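A.B. asks: Could you have a look at this structure, given as structure tokens, before my questions?
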Amino acid sequence: MSDQERMDVAPRPPDRGAFGRALGALIPAVPFLWLTFFFLIPFVIVFKIALSEPATAQPPYRPVFDLSFGLEGLSEALSQLSFYNFSLLFEDSLYFSSFISSLRIAAVSTVLLLAIGFPIAYAMAKAPERWRPTLLMLVILPFWTSFLIRVYAWIGILKPEGLLSALLINLGLIGEPLQIMNTDTAVFIGIVYSYLPFMVLPLYATLEKFDYNLLEAAEDLGCPPLRAFWRITVPLAMPGILAGCLLCFIPVVGEFVIPDLLGGSETLMIGRTLWSEFFSNRDWPLASAVAVVLLVLLVGPIVAYRDIEARRWEKAK
């Protein structure tokens with residue numbers, strides 16, 4: 001039988017019709033529509049506000065586009081936009097200090113989260129299979145409670161007359177209450193507690209697929225356990241490590257609730273600065289400029305991670 005005859009005999013896929021073809025074309029477009037409506041359009045609005053100037057009006061900035069004046073009114077409004085707010089960010093040291101402090105707190109918090117989360121994820125991955133769903137549920141369990149309530153609970157624990165100081169005094173370990181509240185230490189405690197599941201879950205997803213026979217083979221070849229951990233476990237767990245670090249580092253940079261409730265007045269973070277500009281100073285254009293710069297700077301790690309993952313998948317093929 002010739003190739004042409006085989007093609008004629010082979011069953012043809014059923015025609016899905018116009019609706020099926022339209023639906024098949026729409027499904028890949030859903031993520032782009034989502035990003036357009038919930039990221040790109042809000043970003044354009046914030047960027048426009050960043051190019052405006054503050055005003056004692058509602059909304060508290062001008063110019064405001066009024067399409068009733070037609071193209072001439074739109075052109076006049078566009079001519080009033082300026083980059084003054086962006087230049088002000090580089091002139092005032094407050095915003096630079098806030099961003100550097102946010103990076104420092106986010107970096108230290110991410111290292112602490114990795115140091116605590118990796119052993120937890122490793123123990124979960126090596127636990128008997130029947131216990132893994134229960135352990136996974138225990139990690140996710142804090143999400144069932146309001147984030148704000150959990151942070152407020154730490155106030156009752158860390159304040160001088162709180163549970164931690166009372167417990168240590170009753171045990172005779174300290175003679176006076178601990179001064180943890182309104183310090184960076186309290187901020188680190190709150191961040192590590194709140195973001196730990198975001199570190200554990202991607203690490204567990206990676207370590208669960210790990211072939212532990214590789215460690216036994218390395219041990220048979222005379223490799224010490226610690227060296228085998230650094231040479232085998234860590235490189236193979238790197239996708240989970242990178243994912244967990246990004247999931248923690250990026251939102252911690254813009255964190256507002258934890259520094260505001262647990263940190264003191266000297267705890268300077270870009271999230272608190274944004275809130276102050278929006279709601280205390282009512283300077284929406286300047287706050288929008290800070291938000292735009294922060295978003296642009298945080299896009300870099302995301303793009304780098306995407307490129308690393310793309311290269312990893314190409315090598316795996």
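Following the order of the structure tokens, chains are lettered A, B, ..., residues in each are numbered from 1, and ligands are numbered from 1.
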Residues of stretch 144-191 of chain A that have any atom at most 9 Å from an atom of stretch 106-128 of chain A: could you tabulate them with the shortest-distance atom pair and the distance in Å to one decimal, using only C-alpha atoms, ordered by chain and increasing number, as CSV?
C.D. replies:
residue,atom,partner,partner_atom,distance
A:Phe188,CA,A:Ser109,CA,6.1
A:Ile189,CA,A:Ser109,CA,8.7
A:Ile191,CA,A:Ser109,CA,6.8
A.B. asks: Using only C-alpha atoms, which residues of stretch 202-291 of chain A come within 9 Å of stretch 102-105 of chain A, and what is the closest atom pair for each, with the distance in Å to one decimal? Give it as CSV, sorted by chain and residue number.
C.D. replies:
residue,atom,partner,partner_atom,distance
A:Phe249,CA,A:Leu103,CA,8.5
A:Val252,CA,A:Ser102,CA,7.8
A:Val253,CA,A:Ser102,CA,5.1
A:Gly254,CA,A:Ser102,CA,7.4
A:Glu255,CA,A:Ser102,CA,8.4
A:Leu268,CA,A:Ser102,CA,7.2
A:Met269,CA,A:Ser102,CA,4.8
A:Ile270,CA,A:Ser102,CA,6.1
A:Gly271,CA,A:Ser102,CA,8.3
A.B. asks: Identify, with DSSP run on backbone atoms, the residues in stretch 133-170 of chain A assigned to alpha helix (DSSP H), and express the list as a ChimeraX atom specification.
C.D. replies: /A:133-140,147-158,163-170
A.B. asks: Compile the contact shell of stretch 204-218 of chain A as a count of residues only: residues with an atom at most 12 Å away, counting only C-alpha atoms, same-chain residues fewer than 4 positions apart removed.
C.D. replies: 45
A.B. asks: Would you list the contacts of stretch 156-173 of chain A as a PyMOL selection string, taking every protein, DNA or RNA residue within 9 Å and counting only C-alpha atoms, but skipping same-chain residues closer than 4 positions in sequence?
C.D. replies: chain A and resi 152+177-182+186+262
A.B. asks: Only N, CA, C and O atoms, please: the residues just picked out, written as a CSV table (one decimal), in the first residue's frame.
C.D. replies:
chain,number,residue,atom,x,y,z
A,152,TYR,N,-1.5,40.3,64.3
A,152,TYR,CA,-1.9,40.9,65.6
A,152,TYR,C,-1.6,39.9,66.7
A,152,TYR,O,-1.3,40.3,67.8
A,177,PRO,N,11.3,42.0,81.3
A,177,PRO,CA,10.6,41.7,80.0
A,177,PRO,C,11.5,42.0,78.8
A,177,PRO,O,12.4,42.9,78.9
A,178,LEU,N,11.3,41.2,77.8
A,178,LEU,CA,12.1,41.4,76.6
A,178,LEU,C,11.6,42.6,75.8
A,178,LEU,O,10.4,42.9,75.8
A,179,GLN,N,12.5,43.3,75.2
A,179,GLN,CA,12.1,44.5,74.3
A,179,GLN,C,12.3,44.1,72.9
A,179,GLN,O,13.2,44.4,72.2
A,180,ILE,N,11.3,43.3,72.4
A,180,ILE,CA,11.4,42.8,71.0
A,180,ILE,C,10.4,43.7,70.1
A,180,ILE,O,10.8,43.9,68.9
A,181,MET,N,9.3,44.0,70.6
A,181,MET,CA,8.4,44.8,69.8
A,181,MET,C,9.0,46.1,69.3
A,181,MET,O,9.8,46.7,70.0
A,182,ASN,N,8.5,46.6,68.2
A,182,ASN,CA,9.0,47.8,67.5
A,182,ASN,C,10.5,47.8,67.2
A,182,ASN,O,11.2,48.8,67.3
A,186,ALA,N,11.4,41.9,65.6
A,186,ALA,CA,10.0,41.6,65.5
A,186,ALA,C,9.5,41.5,64.1
A,186,ALA,O,8.7,40.6,63.7
A,262,LEU,N,4.5,45.5,63.7
A,262,LEU,CA,5.5,45.0,64.5
A,262,LEU,C,6.8,45.8,64.6
A,262,LEU,O,7.6,45.7,65.5
A.B. asks: Name all residues at most 12 Å from A:Pro59 (count only C-alpha atoms; drop same-chain ones fewer than 4 positions away) and give them as a list in words.
C.D. replies: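 Everything that qualifies: Ile49, Ser52, Glu53, Pro54, Ala55, Pro63, Val64, Phe65, Phe278, Arg282, Asp283, Trp284 and Pro285 of chain A.
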A.B. asks: Quick one: residues within 7 Å of A:Val187, only C-alpha atoms counted, chain neighbours fewer than 6 positions away excluded, as a ChimeraX atom specification?
C.D. replies: /A:258-259,262-263
A.B. asks: Please determine, counting only C-alpha atoms, which residue among A:Leu35, A:Ala77, A:Val151, A:Leu246 has the shortest atom-to-atom distance to A:Arg306.
C.D. replies: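 Nearest candidate to A:Arg306 out of A:Leu35, A:Ala77, A:Val151, A:Leu246: A:Leu246.
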A.B. asks: Between atom CA of A:Leu295 and atom CA of A:Glu309, what distance in Å does the model show, to one decimal?
C.D. replies: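 The value is 21.3 Å.
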A.B. asks: Could you tell me which of A:Tyr193, A:Leu71, A:Glu76, A:Leu247 comes closest to A:Phe147 if we count only C-alpha atoms?
C.D. replies: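 That would be A:Tyr193, the residue with the smallest distance to A:Phe147.
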A.B. asks: One number please: atom CA of A:Ala50 to atom CA of A:Gln80, in Å, one decimal.
C.D. replies: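 Straight-line distance from atom CA of A:Ala50 to atom CA of A:Gln80 works out to 12.1 Å.
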